[in-house]
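Asker: Sharing entry_32.txt here; it has compact mmCIF, C-alpha atoms.
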# COMPACT_ATOMS: atom_id res chain seq x y z
CA MET A 79 -26.20 7.13 42.95
CA PHE A 80 -29.91 6.26 42.91
CA ILE A 81 -32.03 8.70 40.93
CA SER A 82 -34.62 8.81 43.74
CA LYS A 83 -32.00 10.23 46.11
CA SER A 84 -30.21 12.50 43.64
CA PHE A 85 -30.62 16.26 43.43
CA ILE A 86 -31.39 16.67 39.71
CA PRO A 87 -34.33 19.11 39.44
CA ILE A 88 -35.43 18.50 35.84
CA LEU A 89 -37.89 20.89 34.18
CA LYS A 90 -40.48 19.73 31.66
CA ASN A 91 -39.78 22.54 29.20
CA ASN A 92 -37.00 24.94 28.27
CA PRO A 93 -37.03 28.12 30.39
CA ALA A 94 -38.26 31.11 28.40
CA GLU A 95 -35.27 33.28 29.35
CA ALA A 96 -32.74 30.85 27.83
CA LYS A 97 -31.88 31.61 24.21
CA ILE A 98 -29.05 29.21 23.36
CA LYS A 99 -28.72 25.43 23.65
CA SER A 100 -26.29 25.32 26.55
CA HIS A 101 -28.29 27.75 28.69
CA GLN A 102 -31.53 25.90 27.96
CA LEU A 103 -30.14 22.46 28.73
CA MET A 104 -28.22 23.46 31.85
CA LEU A 105 -31.30 25.04 33.40
CA ARG A 106 -33.63 22.29 32.24
CA VAL A 107 -31.67 19.34 33.62
CA GLY A 108 -30.72 21.16 36.81
CA MET A 109 -27.02 21.75 36.22
CA ILE A 110 -27.16 25.39 37.33
CA LYS A 111 -29.54 27.83 38.98
CA GLN A 112 -29.34 31.58 38.56
CA SER A 113 -28.56 33.46 41.76
CA SER A 114 -28.51 36.97 40.25
CA ALA A 115 -27.78 38.49 36.86
CA GLY A 116 -24.80 36.63 35.39
CA ILE A 117 -24.13 34.67 38.60
CA TYR A 118 -25.06 31.00 39.02
CA SER A 119 -25.08 28.26 41.61
CA TRP A 120 -23.60 25.07 40.23
CA LEU A 121 -25.85 22.19 41.23
CA PRO A 122 -24.49 18.63 41.65
CA LEU A 123 -24.90 17.53 38.02
CA GLY A 124 -23.24 20.62 36.53
CA PHE A 125 -20.59 20.83 39.23
CA LYS A 126 -19.60 17.23 38.60
CA VAL A 127 -19.10 17.85 34.88
CA MET A 128 -17.09 21.00 35.60
CA LYS A 129 -14.82 19.19 38.08
CA LYS A 130 -14.11 16.47 35.52
CA ILE A 131 -13.15 19.13 32.99
CA GLU A 132 -10.96 20.75 35.64
CA LYS A 133 -9.19 17.42 36.21
CA ILE A 134 -8.27 17.12 32.52
CA VAL A 135 -7.09 20.73 32.37
CA ARG A 136 -4.95 20.15 35.47
CA GLU A 137 -3.43 16.94 34.11
CA GLU A 138 -2.35 18.63 30.88
CA GLN A 139 -0.88 21.61 32.75
CA ASN A 140 1.10 19.27 34.99
CA ARG A 141 2.27 17.32 31.95
CA ILE A 142 4.26 20.31 30.65
CA GLY A 143 5.80 21.00 34.05
CA ALA A 144 3.50 23.77 35.28
CA GLN A 145 3.14 24.01 39.06
CA GLU A 146 -0.18 24.66 40.75
CA LEU A 147 -0.77 27.25 43.43
CA LEU A 148 -3.84 29.15 44.60
CA MET A 149 -4.25 32.92 44.64
CA PRO A 150 -7.09 34.80 46.35
CA THR A 151 -10.14 36.18 44.56
CA ILE A 152 -9.77 39.56 46.31
CA GLN A 153 -6.69 41.62 45.45
CA SER A 154 -5.23 44.91 46.63
CA SER A 155 -5.46 47.81 44.20
CA ASP A 156 -1.86 48.79 44.98
CA ILE A 157 -0.20 46.32 42.61
CA TRP A 158 -2.64 47.23 39.84
CA LYS A 159 -1.77 50.88 40.29
CA GLU A 160 1.89 49.91 40.21
CA SER A 161 1.45 48.18 36.85
CA GLY A 162 -0.64 51.04 35.48
CA ARG A 163 -3.71 48.92 34.76
CA TYR A 164 -5.97 49.97 37.63
CA ASP A 165 -7.54 52.87 35.75
CA GLU A 166 -7.09 51.34 32.29
CA TYR A 167 -8.93 48.07 32.81
CA GLY A 168 -12.44 49.49 32.61
CA GLU A 169 -15.73 49.08 34.41
CA GLU A 170 -15.65 45.28 34.14
CA MET A 171 -13.39 45.34 37.20
CA LEU A 172 -15.38 45.26 40.44
CA ARG A 173 -13.75 47.80 42.76
CA ILE A 174 -14.54 47.64 46.47
CA LYS A 175 -13.30 49.04 49.81
CA ASP A 176 -12.76 47.15 53.03
CA ARG A 177 -13.68 48.50 56.50
CA GLN A 178 -10.29 50.27 56.74
CA ASN A 179 -11.23 52.12 53.55
CA ARG A 180 -8.51 50.34 51.56
CA GLU A 181 -9.16 49.98 47.86
CA MET A 182 -9.59 46.34 46.86
CA LEU A 183 -10.87 44.53 43.79
CA TYR A 184 -12.36 41.20 42.81
CA GLY A 185 -9.73 39.79 40.49
CA PRO A 186 -10.65 39.64 36.79
CA THR A 187 -7.18 38.22 36.05
CA ASN A 188 -3.91 37.70 37.94
CA GLU A 189 -0.92 39.08 36.02
CA GLU A 190 -0.13 41.64 38.72
CA LEU A 191 -0.55 39.33 41.69
CA ILE A 192 1.52 36.48 40.26
CA THR A 193 4.27 38.94 39.30
CA GLU A 194 4.31 40.32 42.84
CA ILE A 195 4.59 36.76 44.19
CA PHE A 196 7.42 35.99 41.76
CA ARG A 197 9.46 39.15 42.47
CA SER A 198 9.42 38.52 46.21
CA SER A 199 10.62 34.95 45.82
CA VAL A 200 12.89 34.54 42.78
CA LYS A 201 16.16 36.48 42.46
CA SER A 202 18.39 34.48 40.13
CA TYR A 203 18.21 33.27 36.53
CA LYS A 204 19.11 29.83 37.87
CA SER A 205 15.53 29.45 39.13
CA LEU A 206 14.07 29.96 35.64
CA PRO A 207 11.94 29.01 33.87
CA GLN A 208 8.90 29.05 36.14
CA LEU A 209 5.46 27.94 34.95
CA LEU A 210 2.78 28.63 37.56
CA TYR A 211 -0.98 28.19 37.38
CA HIS A 212 -4.10 28.10 39.47
CA ILE A 213 -7.79 27.30 38.94
CA GLN A 214 -9.92 29.91 40.63
CA TRP A 215 -13.10 31.96 40.39
CA LYS A 216 -12.90 35.25 38.52
CA PHE A 217 -15.31 38.16 38.34
CA ARG A 218 -15.88 40.59 35.48
CA ASP A 219 -18.81 42.95 35.79
CA GLU A 220 -20.29 42.41 32.33
CA LEU A 221 -22.63 45.20 31.25
CA ARG A 222 -25.10 42.72 29.71
CA PRO A 223 -24.50 39.18 30.98
CA ARG A 224 -26.26 36.69 28.71
CA PHE A 225 -26.30 33.15 27.37
CA GLY A 226 -26.03 31.55 30.81
CA ILE A 227 -22.51 30.58 31.80
CA MET A 228 -21.15 31.53 28.37
CA ARG A 229 -21.19 35.27 29.09
CA CYS A 230 -21.59 35.59 32.82
CA ARG A 231 -20.01 37.72 35.53
CA GLU A 232 -18.55 35.06 37.81
CA PHE A 233 -16.70 32.19 36.15
CA TYR A 234 -14.22 29.41 36.91
CA MET A 235 -10.92 29.72 35.10
CA LYS A 236 -7.49 28.19 34.79
CA ASP A 237 -4.89 30.89 34.36
CA ALA A 238 -1.18 30.16 34.03
CA TYR A 239 1.88 32.41 33.89
CA SER A 240 5.36 31.83 32.54
CA PHE A 241 8.60 33.53 33.64
CA ASP A 242 11.71 33.24 31.44
CA ILE A 243 15.14 34.77 31.04
CA SER A 244 14.88 35.69 27.34
CA ASP A 245 12.43 36.07 24.46
CA GLU A 246 13.68 32.77 23.01
CA GLU A 247 13.06 30.85 26.22
CA ALA A 248 9.72 32.61 26.70
CA LEU A 249 8.58 31.54 23.23
CA PHE A 250 9.44 27.94 24.17
CA SER A 251 7.12 28.27 27.19
CA TYR A 252 4.44 29.81 24.96
CA ASN A 253 4.67 26.84 22.61
CA LYS A 254 4.40 24.40 25.52
CA PHE A 255 1.04 25.88 26.43
CA PHE A 256 0.03 25.93 22.76
CA LEU A 257 0.52 22.14 22.64
CA SER A 258 -1.08 21.64 26.05
CA TYR A 259 -4.24 23.37 24.89
CA LEU A 260 -4.49 21.29 21.73
CA LYS A 261 -4.23 18.12 23.80
CA THR A 262 -6.68 19.37 26.45
CA PHE A 263 -9.42 20.14 23.94
CA LYS A 264 -8.84 16.90 22.08
CA ARG A 265 -9.43 14.96 25.31
CA LEU A 266 -12.70 16.87 25.64
CA GLU A 267 -13.60 15.79 22.07
CA LEU A 268 -13.61 19.39 20.89
CA THR A 269 -12.05 20.66 17.67
CA ALA A 270 -10.50 23.89 18.92
CA ILE A 271 -8.64 25.90 16.29
CA PRO A 272 -5.82 28.26 17.37
CA MET A 273 -6.39 31.64 15.74
CA ALA A 274 -4.31 34.80 15.71
CA ALA A 275 -6.07 37.19 18.07
CA ASP A 276 -5.98 40.67 19.51
CA THR A 277 -4.24 40.98 22.89
CA GLY A 278 -6.91 43.28 24.36
CA PRO A 279 -6.49 44.52 27.95
CA ILE A 280 -3.85 41.85 28.72
CA GLY A 281 -1.42 43.38 26.21
CA GLY A 282 1.58 42.01 24.36
CA ASN A 283 2.47 41.27 20.75
CA LEU A 284 1.63 37.56 20.35
CA SER A 285 -1.70 35.94 21.08
CA HIS A 286 -3.84 32.97 20.02
CA GLU A 287 -7.46 32.25 20.81
CA PHE A 288 -8.60 28.62 20.74
CA ILE A 289 -12.06 28.58 19.20
CA ILE A 290 -14.65 25.89 18.52
CA LEU A 291 -17.17 26.46 15.74
CA ALA A 292 -20.70 27.26 16.91
CA ASP A 293 -23.54 29.31 15.46
CA THR A 294 -24.16 30.75 18.91
CA GLY A 295 -20.57 31.91 19.32
CA GLU A 296 -19.78 35.58 19.86
CA SER A 297 -16.46 35.48 18.02
CA LYS A 298 -16.56 35.98 14.27
CA ILE A 299 -13.78 34.00 12.62
CA PHE A 300 -12.15 33.75 9.22
CA THR A 301 -10.20 30.63 8.44
CA ASP A 302 -8.80 28.22 5.91
CA LYS A 303 -10.77 24.97 6.11
CA ARG A 304 -7.60 22.91 5.70
CA ILE A 305 -6.57 23.78 9.24
CA PHE A 306 -9.17 21.26 10.50
CA ASP A 307 -7.13 18.40 8.99
CA LEU A 308 -4.12 19.06 11.23
CA ASN A 309 -3.30 16.73 14.09
CA SER A 310 -1.17 17.55 17.12
CA ASP A 311 -0.38 13.94 18.06
CA GLY A 312 3.24 12.95 18.56
CA SER A 313 4.66 16.40 19.31
CA LYS A 314 7.46 16.24 21.85
CA ILE A 315 8.08 18.94 24.42
CA GLU A 316 11.24 20.14 22.68
CA LYS A 317 12.00 23.57 21.25
CA LYS A 318 12.26 22.52 17.63
CA SER A 319 9.23 20.22 17.52
CA LEU A 320 7.01 22.70 19.40
CA GLU A 321 8.03 25.56 17.12
CA GLU A 322 7.26 23.39 14.10
CA LEU A 323 3.86 22.50 15.55
CA ARG A 324 2.83 26.12 16.04
CA LYS A 325 4.10 27.11 12.60
CA LYS A 326 2.17 24.21 11.07
CA TYR A 327 -1.03 25.82 12.33
CA GLU A 328 0.07 29.36 11.52
CA LYS A 329 0.70 28.29 7.92
CA PHE A 330 -3.08 28.45 7.41
CA TYR A 331 -5.00 31.70 7.67
CA ALA A 332 -7.10 31.65 10.86
CA VAL A 333 -7.98 34.88 12.65
CA THR A 334 -10.64 36.47 14.80
CA ASP A 335 -12.49 39.53 13.50
CA GLU A 336 -10.17 41.99 15.30
CA LYS A 337 -7.24 40.69 13.20
CA PHE A 338 -9.16 40.18 9.96
CA ASN A 339 -7.83 41.67 6.74
CA LYS A 340 -9.96 41.05 3.66
CA ASN A 341 -7.08 41.35 1.20
CA ASP A 342 -4.90 38.90 3.15
CA PHE A 343 -7.80 36.45 3.46
CA GLU A 344 -8.52 36.44 -0.26
CA LYS A 345 -4.84 36.34 -1.17
CA LYS A 346 -3.81 33.51 1.19
CA VAL A 347 -6.89 31.29 1.07
CA PRO A 348 -8.22 29.71 -2.15
CA GLU A 349 -11.92 30.44 -2.58
CA ASP A 350 -12.99 26.82 -2.08
CA TYR A 351 -11.28 26.73 1.33
CA ARG A 352 -12.56 30.01 2.77
CA LEU A 353 -14.75 29.76 5.84
CA THR A 354 -16.41 32.69 7.57
CA THR A 355 -18.43 31.69 10.60
CA LYS A 356 -18.86 32.12 14.37
CA GLY A 357 -17.14 30.39 17.22
CA ILE A 358 -16.79 30.12 20.98
CA GLU A 359 -13.51 31.07 22.63
CA VAL A 360 -12.46 28.32 25.06
CA GLY A 361 -8.84 29.35 25.63
CA HIS A 362 -6.54 32.34 25.12
CA ILE A 363 -2.76 32.58 25.38
CA PHE A 364 -0.58 35.71 25.38
CA TYR A 365 3.08 36.63 25.24
CA PHE A 366 3.84 40.13 26.52
CA GLY A 367 7.56 40.19 27.42
CA ASP A 368 8.28 42.65 30.25
CA LYS A 369 4.93 44.49 30.15
CA TYR A 370 4.31 43.58 33.81
CA SER A 371 7.75 42.63 35.08
CA LYS A 372 9.24 46.04 34.25
CA PRO A 373 6.77 48.32 36.09
CA LEU A 374 6.56 45.80 38.96
CA ASN A 375 10.37 45.50 39.08
CA ALA A 376 10.42 41.73 38.72
CA GLY A 377 14.01 41.13 37.66
CA VAL A 378 16.62 38.43 38.20
CA ASP A 379 20.40 38.43 38.44
CA LEU A 380 22.11 37.30 35.24
CA PRO A 381 25.55 35.71 34.75
CA GLY A 382 28.18 38.41 35.07
CA GLY A 383 26.29 40.45 37.65
CA LYS A 384 23.79 42.22 35.43
CA LYS A 385 20.09 42.25 36.16
CA ASP A 386 17.18 42.08 33.73
CA PHE A 387 13.40 41.93 33.83
CA VAL A 388 11.88 38.52 33.23
CA LYS A 389 9.86 37.80 30.10
CA MET A 390 6.29 36.70 30.76
CA GLY A 391 3.24 35.11 29.17
CA SER A 392 -0.24 34.25 30.43
CA TYR A 393 -2.52 31.40 29.45
CA GLY A 394 -6.24 31.11 30.21
CA VAL A 395 -8.84 28.36 29.87
CA GLY A 396 -12.47 28.95 30.76
CA VAL A 397 -13.19 25.79 32.77
CA SER A 398 -16.82 26.68 33.50
CA ARG A 399 -17.35 28.00 29.96
CA LEU A 400 -16.16 24.64 28.58
CA VAL A 401 -19.25 23.00 30.09
CA GLY A 402 -21.44 25.20 27.90
CA ALA A 403 -19.11 24.89 24.90
CA ILE A 404 -19.33 21.09 24.94
CA ILE A 405 -23.13 21.31 25.04
CA GLU A 406 -23.14 23.72 22.10
CA ALA A 407 -20.99 21.24 20.16
CA LYS A 408 -22.75 18.01 21.18
CA TYR A 409 -26.41 18.67 21.98
CA ASN A 410 -29.01 17.58 19.40
CA GLU A 411 -31.70 20.14 20.14
CA LYS A 412 -34.24 18.67 17.71
CA ASP A 413 -34.23 15.17 19.23
CA GLU A 414 -33.45 16.42 22.77
CA VAL A 415 -30.39 14.19 22.99
CA MET A 416 -27.14 15.18 24.69
CA LYS A 417 -24.11 12.90 24.62
CA TRP A 418 -21.33 13.96 26.96
CA PRO A 419 -17.81 12.76 26.16
CA LEU A 420 -17.07 9.85 28.48
CA SER A 421 -14.18 11.83 29.98
CA VAL A 422 -16.52 14.43 31.52
CA ALA A 423 -19.95 12.80 31.59
CA PRO A 424 -21.85 13.33 34.86
CA TYR A 425 -22.26 9.55 34.93
CA GLU A 426 -20.69 7.00 32.60
CA VAL A 427 -23.60 4.54 32.67
CA ALA A 428 -27.29 4.76 33.54
CA ILE A 429 -29.10 1.60 34.59
CA ILE A 430 -32.73 1.79 33.50
CA PRO A 431 -34.93 -1.05 34.78
CA LEU A 432 -38.54 -1.64 33.87
CA ILE A 433 -40.30 -1.60 37.24
CA ASN A 434 -43.88 -2.82 37.45
CA LYS A 435 -45.84 -5.64 39.07
CA ASN A 436 -44.84 -8.03 36.28
CA GLU A 437 -41.14 -7.13 36.37
CA ALA A 438 -40.45 -6.84 40.11
CA SER A 439 -37.16 -8.73 39.75
CA SER A 440 -35.71 -6.01 37.45
CA LEU A 441 -34.99 -3.63 40.32
CA GLU A 442 -33.22 -6.28 42.37
CA LYS A 443 -31.16 -7.33 39.36
CA SER A 444 -30.33 -3.70 38.56
CA LYS A 445 -29.07 -3.15 42.11
CA ASN A 446 -26.72 -6.13 41.77
CA ILE A 447 -25.42 -4.72 38.47
CA TYR A 448 -25.07 -1.30 40.09
CA ASN A 449 -22.91 -2.69 42.90
CA PHE A 450 -20.82 -4.72 40.48
CA LEU A 451 -20.08 -1.67 38.31
CA LYS A 452 -19.30 0.51 41.34
CA ASN A 453 -16.72 -2.05 42.43
CA LYS A 454 -15.15 -1.76 38.96
CA ASN A 455 -14.82 2.03 39.38
CA ILE A 456 -17.56 2.73 36.86
CA ASP A 457 -19.44 5.96 37.55
CA VAL A 458 -23.04 4.73 37.46
CA ILE A 459 -26.55 5.98 38.26
CA LEU A 460 -29.61 3.77 38.75
CA ASP A 461 -33.15 4.91 38.00
CA ASP A 462 -35.13 3.24 40.79
CA THR A 463 -38.31 5.24 40.21
CA ASP A 464 -41.60 3.81 38.91
CA GLU A 465 -41.62 6.14 35.92
CA ASN A 466 -42.45 4.45 32.62
CA PHE A 467 -39.57 2.98 30.61
CA SER A 468 -39.82 5.45 27.73
CA SER A 469 -39.77 8.48 30.03
CA LYS A 470 -36.69 7.17 31.81
CA MET A 471 -34.81 6.78 28.54
CA LYS A 472 -35.77 10.29 27.38
CA LYS A 473 -34.61 11.68 30.72
CA PHE A 474 -31.15 10.13 30.46
CA ASN A 475 -30.86 11.08 26.79
CA LEU A 476 -31.45 14.66 27.89
CA ILE A 477 -29.03 14.46 30.81
CA GLY A 478 -26.48 13.00 28.41
CA VAL A 479 -25.23 9.84 30.13
CA PRO A 480 -23.36 8.27 27.17
CA TYR A 481 -24.10 4.60 27.96
CA GLN A 482 -27.28 2.93 29.21
CA ILE A 483 -28.11 -0.54 30.50
CA LEU A 484 -31.76 -1.43 29.85
CA LEU A 485 -33.40 -4.10 31.98
CA GLY A 486 -36.76 -5.04 30.55
CA LYS A 487 -38.46 -7.62 28.40
CA LYS A 488 -35.45 -7.97 26.08
CA SER A 489 -33.05 -8.91 28.89
CA HIS A 490 -32.63 -12.67 29.18
CA GLY A 491 -30.29 -14.71 31.36
CA ASP A 492 -26.79 -13.28 31.54
CA LEU A 493 -27.25 -11.02 28.53
CA ILE A 494 -28.09 -7.37 29.11
CA GLU A 495 -29.28 -4.76 26.64
CA PHE A 496 -26.47 -2.19 26.37
CA VAL A 497 -26.86 1.08 24.45
CA GLU A 498 -24.46 3.83 23.51
CA ILE A 499 -26.40 7.02 22.73
CA GLY A 500 -26.81 7.35 18.99
CA LYS A 501 -26.05 3.70 18.23
CA ASP A 502 -28.00 0.44 18.03
CA PRO A 503 -28.40 -1.60 21.23
CA GLN A 504 -26.32 -4.71 21.87
CA SER A 505 -26.99 -7.78 23.99
CA LEU A 506 -23.85 -8.27 26.08
CA SER A 507 -22.71 -9.89 29.28
CA LEU A 508 -21.79 -7.70 32.21
CA GLU A 509 -18.12 -8.61 31.79
CA GLN A 510 -18.22 -7.47 28.14
CA ILE A 511 -19.79 -4.17 29.17
CA VAL A 512 -17.09 -3.55 31.78
CA LYS A 513 -14.40 -4.34 29.19
CA ILE A 514 -15.86 -1.82 26.71
CA LEU A 515 -16.09 0.93 29.33
CA THR A 516 -12.64 0.23 30.73
CA GLU A 517 -11.04 0.37 27.29
CA GLN A 518 -12.86 3.61 26.50
CA LYS A 519 -11.65 5.20 29.74
CA GLU A 520 -8.06 4.10 29.12
CA ASN A 521 -8.10 6.02 25.82
CA ILE A 522 -9.14 9.31 27.45
I'd like the structure from this file rewritten - as structure tokens, please.
Answerer:
Amino acid sequence: MFISKSFIPILKNNPAEAKIKSHQLMLRVGMIKQSSAGIYSWLPLGFKVMKKIEKIVREEQNRIGAQELLMPTIQSSDIWKESGRYDEYGEEMLRIKDRQNREMLYGPTNEELITEIFRSSVKSYKSLPQLLYHIQWKFRDELRPRFGIMRCREFYMKDAYSFDISDEEALFSYNKFFLSYLKTFKRLELTAIPMAADTGPIGGNLSHEFIILADTGESKIFTDKRIFDLNSDGSKIEKKSLEELRKKYEKFYAVTDEKFNKNDFEKKVPEDYRLTTKGIEVGHIFYFGDKYSKPLNAGVDLPGGKKDFVKMGSYGVGVSRLVGAIIEAKYNEKDEVMKWPLSVAPYEVAIIPLINKNEASSLEKSKNIYNFLKNKNIDVILDDTDENFSSKMKKFNLIGVPYQILLGKKSHGDLIEFVEIGKDPQSLSLEQIVKILTEQKENI
């Protein structure tokens, strides 16, 4: 992509209506544009980052054996009435009527619909377990949408659902998703801590929120600092190892404010290790047994001829919210420098040539480098404008392209000035640069 042909409408200053880092940056560098209160258009730069996040989320879901499908955004009210949640859910649910006067709704979540799909298709325990997920737009009519895509009305979400024959098997599925989330957030270079959480309108008796620390977060959290030293690497997808992994985290006190108990906190956490702060929820998992399968009559035939309701869990990741969460974690507001993880960066490398009457060959050389990198499957953008060199660098520091190739007075012969944001520049050959980037991508 050449910057002169790209659609990246950058603003000179932070918009006045934006109060947190992610909202400011996303508006300023043209990642999103507000359509109406709490509803945004995702412009090419922001959409590209979100789709890369989606790819990682999908890969980790597939890794544990979850199968992808796609459910509609509009649902019938009938199945929600059948489950008993239609009137309970609250005003966040957008209720509508079609031209036949049938009551419909814009789905805020999909427990009812996936259960209806399951009950019409699966009749025997031999087909269990089933892990199903989709990545789809959701709508919740927030009373006061704020903070850009962090607390908006329309959002992009991965939601998964598990169906099992028993509580024991269902807990195994729950632990699979627990591990999957740890690995997903690690690939996004986020330290997301699983915390015991309230089940809210979803229901059930077991729930964990995955939260990253951020001053702008809306979740108040209480935790033992030692939980940050844990590492999920090496866990196999086996019952015993997954149970041990979850218990390793649950050994340390870590809860959201709804579950907070002052006496427990002070009793279980030594004073030097107590941390009370704010965080951003990036994932939430629930186990709720037959809360939905029973009223929706989703049962299977068991050995011996008996029939029982399946045990279920649900597992959400805010794909669009993760874009903002990464910014909150990575953006240096003071220096106006954003460094996206290579795994989700809008571009992996920016080529920044000095273009003036004395350096006319820089643009031609940069185009050759651009084509070479494209052929090596490097996601690259070239600044072919006549903007001054310093302004170009500031622009890409703000956009957050993690690596930059500078073609100016310090470039000689086959050596090119190569910079990773936040580190000193190096003079390297093009082959060395490709090797560095390739190795970095292989580790994602």
Asker: Hey, which of A:Asn475, A:Gln153, A:Ser392, A:Ser82 ends up closest to Gln208 (chain A)? Count all atoms listed in the file.
Answerer: A:Ser392
Asker: Smallest atom-to-atom distance to Pro223 (chain A): which of A:Tyr118, A:Phe250, A:Trp158, A:Phe196, using all atoms listed in the file?
Answerer: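 Going through A:Tyr118, A:Phe250, A:Trp158, A:Phe196 one by one, the smallest distance to Pro223 (chain A) is for A:Tyr118.
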Asker: Scan for residues within 10 Å of the point (8.9, 29.7, 33.7) in the coordinates of the file, using only C-alpha atoms, and reply as a list in words.
Answerer: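 Returned residue set, sorted by chain then number, is Gly143, Ala144, Gln145, Ser205, Leu206, Pro207, Gln208, Leu209, Leu210, Tyr239, Ser240, Phe241, Asp242, Ile243, Glu247, Ala248, Phe250, Ser251, Tyr252, Val388, Lys389, Met390 and Gly391 of chain A.
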Asker: Generate the output file for the selected residues, C-alpha atoms, as a PDB file, in the coordinates of the input.
Answerer:
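The resulting out06.pdb:
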ATOM      1  CA  GLY A 143       5.800  21.000  34.050  1.00  0.00           C
ATOM      2  CA  ALA A 144       3.500  23.770  35.280  1.00  0.00           C
ATOM      3  CA  GLN A 145       3.140  24.010  39.060  1.00  0.00           C
ATOM      4  CA  SER A 205      15.530  29.450  39.130  1.00  0.00           C
ATOM      5  CA  LEU A 206      14.070  29.960  35.640  1.00  0.00           C
ATOM      6  CA  PRO A 207      11.940  29.010  33.870  1.00  0.00           C
ATOM      7  CA  GLN A 208       8.900  29.050  36.140  1.00  0.00           C
ATOM      8  CA  LEU A 209       5.460  27.940  34.950  1.00  0.00           C
ATOM      9  CA  LEU A 210       2.780  28.630  37.560  1.00  0.00           C
ATOM     10  CA  TYR A 239       1.880  32.410  33.890  1.00  0.00           C
ATOM     11  CA  SER A 240       5.360  31.830  32.540  1.00  0.00           C
ATOM     12  CA  PHE A 241       8.600  33.530  33.640  1.00  0.00           C
ATOM     13  CA  ASP A 242      11.710  33.240  31.440  1.00  0.00           C
ATOM     14  CA  ILE A 243      15.140  34.770  31.040  1.00  0.00           C
ATOM     15  CA  GLU A 247      13.060  30.850  26.220  1.00  0.00           C
ATOM     16  CA  ALA A 248       9.720  32.610  26.700  1.00  0.00           C
ATOM     17  CA  PHE A 250       9.440  27.940  24.170  1.00  0.00           C
ATOM     18  CA  SER A 251       7.120  28.270  27.190  1.00  0.00           C
ATOM     19  CA  TYR A 252       4.440  29.810  24.960  1.00  0.00           C
ATOM     20  CA  VAL A 388      11.880  38.520  33.230  1.00  0.00           C
ATOM     21  CA  LYS A 389       9.860  37.800  30.100  1.00  0.00           C
ATOM     22  CA  MET A 390       6.290  36.700  30.760  1.00  0.00           C
ATOM     23  CA  GLY A 391       3.240  35.110  29.170  1.00  0.00           C
TER      24      GLY A 391
END
Asker: If you measure from CA of Met171 (chain A) to CA of Ala376 (chain A), what distance in Å do you get, rounded to one decimal?
Answerer: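 Between CA of Met171 (chain A) and CA of Ala376 (chain A) the gap works out to 24.1 Å.
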Asker: What is the CA of Val395 (chain A) to CA of Met149 (chain A) distance in Å?
Answerer: 16.1 Å
Asker: Compile the contact shell of Gly185 (chain A) as a VMD selection string: residues with an atom at most 6 Å away, counting all atoms listed in the file, same-chain residues fewer than 2 positions apart removed.
Answerer: chain A and resid 151 to 152 183 187 216
Asker: Which residues are close to Phe306 (chain A), i.e. within 10 Å by all atoms listed in the file, leaving aside same-chain residues fewer than 2 positions away? Reply as a list in words.
Answerer: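 Using all atoms listed in the file, the neighbours found are Thr269, Ala270, Ile271, Thr301, Asp302, Lys303, Arg304, Leu308, Asn309, Tyr327 and Phe330 of chain A.
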Asker: List the residues sitting within 6 Å of (6.0, 36.1, 22.5) in the file's frame, using all atoms listed in the file, as a compact mmCIF listing (two decimals) with C-alpha atoms, keeping the file's coordinate frame.
Answerer:
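Done, and the output landed in selection37.txt:
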# COMPACT_ATOMS: atom_id res chain seq x y z
CA LEU A 249 8.58 31.54 23.23
CA LEU A 284 1.63 37.56 20.35
CA TYR A 365 3.08 36.63 25.24
Asker: Excluding same-chain residues fewer than 6 positions from Asp237 (chain A), what lies within 7 Å of it counting only C-alpha atoms, as number ranges by chain?
Answerer: A: 211-213, 392-395
Asker: Write a file of the just-selected residues containing C-alpha atoms, as an mmCIF file, keeping the file's coordinate frame.
Answerer:
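Written file, result_39.cif:
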data_model
loop_
_atom_site.group_PDB
_atom_site.id
_atom_site.type_symbol
_atom_site.label_atom_id
_atom_site.label_comp_id
_atom_site.auth_asym_id
_atom_site.auth_seq_id
_atom_site.Cartn_x
_atom_site.Cartn_y
_atom_site.Cartn_z
ATOM 1 C CA TYR A 211 -0.980 28.190 37.380
ATOM 2 C CA HIS A 212 -4.100 28.100 39.470
ATOM 3 C CA ILE A 213 -7.790 27.300 38.940
ATOM 4 C CA SER A 392 -0.240 34.250 30.430
ATOM 5 C CA TYR A 393 -2.520 31.400 29.450
ATOM 6 C CA GLY A 394 -6.240 31.110 30.210
ATOM 7 C CA VAL A 395 -8.840 28.360 29.870
#
Asker: Using Å and a single decimal, report how far CA of Leu172 (chain A) sits from CA of Asn283 (chain A).
Answerer: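 Straight-line distance from CA of Asn283 (chain A) to CA of Leu172 (chain A) works out to 26.9 Å.
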Asker: From the list A:Ile511, A:Ile174, A:Ile117, A:Val401, which residue is nearest Glu232 (chain A) when using all atoms listed in the file?
Answerer: A:Ile117
Asker: Which is closest to Glu426 (chain A) among A:Lys356, A:Lys130, A:Arg222, A:Lys337, if we use only C-alpha atoms?
Answerer: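 With only C-alpha atoms as the atom set, the closest residue is A:Lys130.
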Asker: Per residue of region 311-387 of chain A within 10 Å of region 290-293 of chain A, note the shortest atom pair and the distance in Å to one decimal, counting only C-alpha atoms, and order the rows by chain and increasing residue number, as CSV.
Answerer:
residue,atom,partner,partner_atom,distance
A:Thr355,CA,A:Leu291,CA,7.4
A:Lys356,CA,A:Asp293,CA,5.6
A:Gly357,CA,A:Leu291,CA,4.2
A:Ile358,CA,A:Ile290,CA,5.3
A:Glu359,CA,A:Ile290,CA,6.7
A:Val360,CA,A:Ile290,CA,7.3
A:Gly361,CA,A:Ile290,CA,9.8
Asker: Taking only C-alpha atoms into account, name the residue in A:Glu166, A:Asp457, A:Tyr481, A:Arg106 that is nearest to Ala94 (chain A).
Answerer: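 Among the listed residues, the smallest separation from Ala94 (chain A) belongs to A:Arg106.
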